[in-house]
Amino acid sequence: MAEINSLIKYLDEHREDRGLMASLRRGLRLKGGLAPEVSRIVQGRLAENASWWLESAYYLIAPLYAFHNQPGGDGNMGDHFRALCEPGEDMPSSIERRFMFLLSSGPDEINDSLRQAISLLRSKQVPVNWGELLQNIIDWKHPNSERRERVQKEWARRFWRSRLPENSSPETTN
């Protein structure tokens, strides 16, 4: 977790550095974010023996952060997508479809799905919890699929469970 905090802390500290943010955004155009500018930031924050899935998550998150670095994000992607919905109103089917598309992404598809999700959040000025998202993407890309499934369930829980109507009661077991 220290490595994760190192990347996000660095990005937070340099949020106002327009030149750095512009150079990191160049990674959005390249497969795997392999722009030299992104490598300079990512490789400087990874341990020598970092796993490929950790490295891959860093290369994904750094350019996305530069694209949408609005401060104040809390929760996970389920919370962020829920924030796109007006309280007390029916959930727009377009938001739900986009969220389901993101949830159904496999480790090889998550990069494109997440780029689209962050673009939507940016357009609606919904901030992202980057530390949480980075950890979630590391788990998503991990070879142990149970880690991805745990993240998917948590995102789904935060998106749909909080949308229960006030007069309904959720199912419980005794």
# chains A, B, ... in the order shown; residues from 1 in each chain; ligands from 1
$ residues_around --residues "segment 126-138 of chain A" --least-positions-apart "5" --cutoff "6 Å" --atoms "only C-alpha atoms" --output "tab-separated table (two decimals) with N, CA and C atoms, in the first residue's frame"
chain	number	residue	atom	x	y	z
A	54	LEU	N	0.69	-4.67	-11.02
A	54	LEU	CA	0.88	-3.39	-10.33
A	54	LEU	C	1.36	-2.33	-11.33
A	57	ALA	N	-1.41	-1.30	-13.70
A	57	ALA	CA	-2.38	-0.41	-13.05
A	57	ALA	C	-1.83	1.01	-12.95
A	70	GLN	N	-9.86	16.34	-10.44
A	70	GLN	CA	-10.68	17.13	-9.53
A	70	GLN	C	-10.58	16.53	-8.12
A	72	GLY	N	-11.41	15.65	-4.09
A	72	GLY	CA	-12.61	15.42	-3.29
A	72	GLY	C	-13.30	14.10	-3.48
A	73	GLY	N	-12.72	13.17	-4.24
A	73	GLY	CA	-13.38	11.89	-4.46
A	73	GLY	C	-13.43	11.05	-3.21
A	74	ASP	N	-14.55	10.37	-3.01
A	74	ASP	CA	-14.74	9.52	-1.85
A	74	ASP	C	-15.44	8.24	-2.29
A	121	LEU	N	-17.39	10.62	-15.82
A	121	LEU	CA	-17.33	11.27	-14.51
A	121	LEU	C	-16.78	12.68	-14.64
$ closest_residue --among "A:Ala62, A:Trp155, A:Ile41, A:Ser56" --to "Leu102 of chain A" --atoms "only C-alpha atoms"
A:Trp155
$ closest_atom_pairs --of "segment 24-70 of chain A" --to "segment 7-12 of chain A" --cutoff "9 Å" --atoms "only C-alpha atoms" --output "JSON lines"
{"residue": "A:Ile41", "atom": "CA", "partner": "A:Leu7", "partner_atom": "CA", "distance": 8.2}
{"residue": "A:Val42", "atom": "CA", "partner": "A:Leu7", "partner_atom": "CA", "distance": 7.5}
{"residue": "A:Arg45", "atom": "CA", "partner": "A:Leu7", "partner_atom": "CA", "distance": 6.3}
{"residue": "A:Leu46", "atom": "CA", "partner": "A:Leu7", "partner_atom": "CA", "distance": 8.7}
{"residue": "A:Tyr58", "atom": "CA", "partner": "A:Leu7", "partner_atom": "CA", "distance": 8.0}
{"residue": "A:Ala62", "atom": "CA", "partner": "A:Leu11", "partner_atom": "CA", "distance": 7.7}
{"residue": "A:Tyr65", "atom": "CA", "partner": "A:Leu11", "partner_atom": "CA", "distance": 7.7}
{"residue": "A:Ala66", "atom": "CA", "partner": "A:Leu11", "partner_atom": "CA", "distance": 8.1}
{"residue": "A:Asn69", "atom": "CA", "partner": "A:Asp12", "partner_atom": "CA", "distance": 8.1}
$ write_last_selection --atoms "N, CA and C atoms" --output "PDB file, in the first residue's frame"
ATOM      1  N   ILE A  41       7.311   8.869 -14.498  1.00  0.00           N
ATOM      2  CA  ILE A  41       6.598   8.980 -13.224  1.00  0.00           C
ATOM      3  C   ILE A  41       6.354   7.598 -12.623  1.00  0.00           C
ATOM      4  N   VAL A  42       5.872   6.682 -13.436  1.00  0.00           N
ATOM      5  CA  VAL A  42       5.518   5.344 -12.948  1.00  0.00           C
ATOM      6  C   VAL A  42       6.750   4.583 -12.471  1.00  0.00           C
ATOM      7  N   ARG A  45       8.336   5.202  -9.129  1.00  0.00           N
ATOM      8  CA  ARG A  45       7.581   4.904  -7.925  1.00  0.00           C
ATOM      9  C   ARG A  45       7.328   3.423  -7.721  1.00  0.00           C
ATOM     10  N   LEU A  46       7.904   2.594  -8.553  1.00  0.00           N
ATOM     11  CA  LEU A  46       7.736   1.150  -8.418  1.00  0.00           C
ATOM     12  C   LEU A  46       9.008   0.508  -7.875  1.00  0.00           C
ATOM     13  N   TYR A  58      -0.546   1.144 -12.637  1.00  0.00           N
ATOM     14  CA  TYR A  58       0.075   2.468 -12.572  1.00  0.00           C
ATOM     15  C   TYR A  58       0.017   3.171 -13.927  1.00  0.00           C
ATOM     16  N   ALA A  62      -2.160   6.760 -13.876  1.00  0.00           N
ATOM     17  CA  ALA A  62      -1.455   8.053 -13.957  1.00  0.00           C
ATOM     18  C   ALA A  62      -2.030   8.962 -15.060  1.00  0.00           C
ATOM     19  N   TYR A  65      -5.621  10.039 -14.086  1.00  0.00           N
ATOM     20  CA  TYR A  65      -5.578  11.068 -13.037  1.00  0.00           C
ATOM     21  C   TYR A  65      -5.321  12.437 -13.660  1.00  0.00           C
ATOM     22  N   ALA A  66      -4.370  12.497 -14.561  1.00  0.00           N
ATOM     23  CA  ALA A  66      -4.042  13.770 -15.214  1.00  0.00           C
ATOM     24  C   ALA A  66      -5.221  14.301 -16.032  1.00  0.00           C
ATOM     25  N   ASN A  69      -8.416  15.288 -12.565  1.00  0.00           N
ATOM     26  CA  ASN A  69      -7.803  15.342 -11.230  1.00  0.00           C
ATOM     27  C   ASN A  69      -8.554  16.250 -10.267  1.00  0.00           C
TER      28      ASN A  69
END
$ closest_residue --among "A:Ala47, A:Leu114, A:Ala83, A:Leu28" --to "Met100 of chain A" --atoms "only C-alpha atoms"
A:Leu114
$ select_by_dssp --residues "segment 45-162 of chain A" --states "alpha helix (DSSP H)" --output "PyMOL selection string"
chain A and resi 52-67+77-82+93-103+110-123+130-141+145-160
$ closest_residue --among "A:Met21, A:Leu60, A:Ala156, A:Met91" --to "Lys141 of chain A" --atoms "only C-alpha atoms"
A:Leu60
$ closest_residue --among "A:Gly78, A:Gly44, A:Pro63, A:Pro87" --to "Arg29 of chain A" --atoms "only C-alpha atoms"
A:Pro63
$ atom_distance --atom1 "atom CA of Phe81 of chain A" --atom2 "atom CA of Trp160 of chain A"
9.9 Å
$ residues_around --residues "Ala117 of chain A" --least-positions-apart "3" --cutoff "10 Å" --atoms "only C-alpha atoms" --output "PyMOL selection string"
chain A and resi 77+80-81+95+98-99+101-102+111-114+120-123
$ decode --residues "segment 16-30 of chain A" --atoms "N, CA, C and O atoms" --output "PDB file, in the first residue's frame"
ATOM      1  N   GLU A  16      -1.483  20.771  -9.748  1.00  0.00           N
ATOM      2  CA  GLU A  16      -1.517  22.090 -10.387  1.00  0.00           C
ATOM      3  C   GLU A  16      -0.398  22.290 -11.415  1.00  0.00           C
ATOM      4  O   GLU A  16      -0.345  23.326 -12.062  1.00  0.00           O
ATOM      5  N   ASP A  17       0.469  21.310 -11.578  1.00  0.00           N
ATOM      6  CA  ASP A  17       1.565  21.391 -12.550  1.00  0.00           C
ATOM      7  C   ASP A  17       0.996  21.052 -13.925  1.00  0.00           C
ATOM      8  O   ASP A  17       0.924  19.888 -14.322  1.00  0.00           O
ATOM      9  N   ARG A  18       0.586  22.089 -14.637  1.00  0.00           N
ATOM     10  CA  ARG A  18      -0.097  21.894 -15.924  1.00  0.00           C
ATOM     11  C   ARG A  18       0.778  21.162 -16.943  1.00  0.00           C
ATOM     12  O   ARG A  18       0.289  20.351 -17.718  1.00  0.00           O
ATOM     13  N   GLY A  19       2.069  21.435 -16.934  1.00  0.00           N
ATOM     14  CA  GLY A  19       2.975  20.760 -17.856  1.00  0.00           C
ATOM     15  C   GLY A  19       3.058  19.268 -17.579  1.00  0.00           C
ATOM     16  O   GLY A  19       2.998  18.445 -18.495  1.00  0.00           O
ATOM     17  N   LEU A  20       3.188  18.910 -16.312  1.00  0.00           N
ATOM     18  CA  LEU A  20       3.250  17.500 -15.941  1.00  0.00           C
ATOM     19  C   LEU A  20       1.948  16.796 -16.282  1.00  0.00           C
ATOM     20  O   LEU A  20       1.956  15.703 -16.858  1.00  0.00           O
ATOM     21  N   MET A  21       0.827  17.419 -15.935  1.00  0.00           N
ATOM     22  CA  MET A  21      -0.470  16.795 -16.218  1.00  0.00           C
ATOM     23  C   MET A  21      -0.667  16.614 -17.725  1.00  0.00           C
ATOM     24  O   MET A  21      -1.155  15.581 -18.182  1.00  0.00           O
ATOM     25  N   ALA A  22      -0.259  17.589 -18.514  1.00  0.00           N
ATOM     26  CA  ALA A  22      -0.370  17.471 -19.976  1.00  0.00           C
ATOM     27  C   ALA A  22       0.495  16.331 -20.490  1.00  0.00           C
ATOM     28  O   ALA A  22       0.063  15.566 -21.367  1.00  0.00           O
ATOM     29  N   SER A  23       1.686  16.204 -19.964  1.00  0.00           N
ATOM     30  CA  SER A  23       2.570  15.138 -20.444  1.00  0.00           C
ATOM     31  C   SER A  23       2.034  13.763 -20.032  1.00  0.00           C
ATOM     32  O   SER A  23       2.123  12.812 -20.805  1.00  0.00           O
ATOM     33  N   LEU A  24       1.447  13.666 -18.843  1.00  0.00           N
ATOM     34  CA  LEU A  24       0.856  12.385 -18.431  1.00  0.00           C
ATOM     35  C   LEU A  24      -0.355  12.019 -19.283  1.00  0.00           C
ATOM     36  O   LEU A  24      -0.571  10.848 -19.597  1.00  0.00           O
ATOM     37  N   ARG A  25      -1.133  13.026 -19.672  1.00  0.00           N
ATOM     38  CA  ARG A  25      -2.317  12.747 -20.505  1.00  0.00           C
ATOM     39  C   ARG A  25      -1.936  12.146 -21.852  1.00  0.00           C
ATOM     40  O   ARG A  25      -2.747  11.457 -22.473  1.00  0.00           O
ATOM     41  N   ARG A  26      -0.715  12.371 -22.304  1.00  0.00           N
ATOM     42  CA  ARG A  26      -0.280  11.757 -23.574  1.00  0.00           C
ATOM     43  C   ARG A  26      -0.366  10.232 -23.504  1.00  0.00           C
ATOM     44  O   ARG A  26      -0.518   9.575 -24.524  1.00  0.00           O
ATOM     45  N   GLY A  27      -0.263   9.705 -22.318  1.00  0.00           N
ATOM     46  CA  GLY A  27      -0.386   8.263 -22.144  1.00  0.00           C
ATOM     47  C   GLY A  27      -1.762   7.722 -22.467  1.00  0.00           C
ATOM     48  O   GLY A  27      -1.921   6.519 -22.699  1.00  0.00           O
ATOM     49  N   LEU A  28      -2.771   8.577 -22.510  1.00  0.00           N
ATOM     50  CA  LEU A  28      -4.124   8.131 -22.857  1.00  0.00           C
ATOM     51  C   LEU A  28      -4.210   7.675 -24.309  1.00  0.00           C
ATOM     52  O   LEU A  28      -5.055   6.855 -24.657  1.00  0.00           O
ATOM     53  N   ARG A  29      -3.337   8.209 -25.155  1.00  0.00           N
ATOM     54  CA  ARG A  29      -3.386   7.897 -26.586  1.00  0.00           C
ATOM     55  C   ARG A  29      -2.627   6.625 -26.947  1.00  0.00           C
ATOM     56  O   ARG A  29      -2.779   6.120 -28.051  1.00  0.00           O
ATOM     57  N   LEU A  30      -1.798   6.141 -26.043  1.00  0.00           N
ATOM     58  CA  LEU A  30      -0.941   5.008 -26.358  1.00  0.00           C
ATOM     59  C   LEU A  30      -1.375   3.756 -25.610  1.00  0.00           C
ATOM     60  O   LEU A  30      -1.749   3.820 -24.444  1.00  0.00           O
TER      61      LEU A  30
END
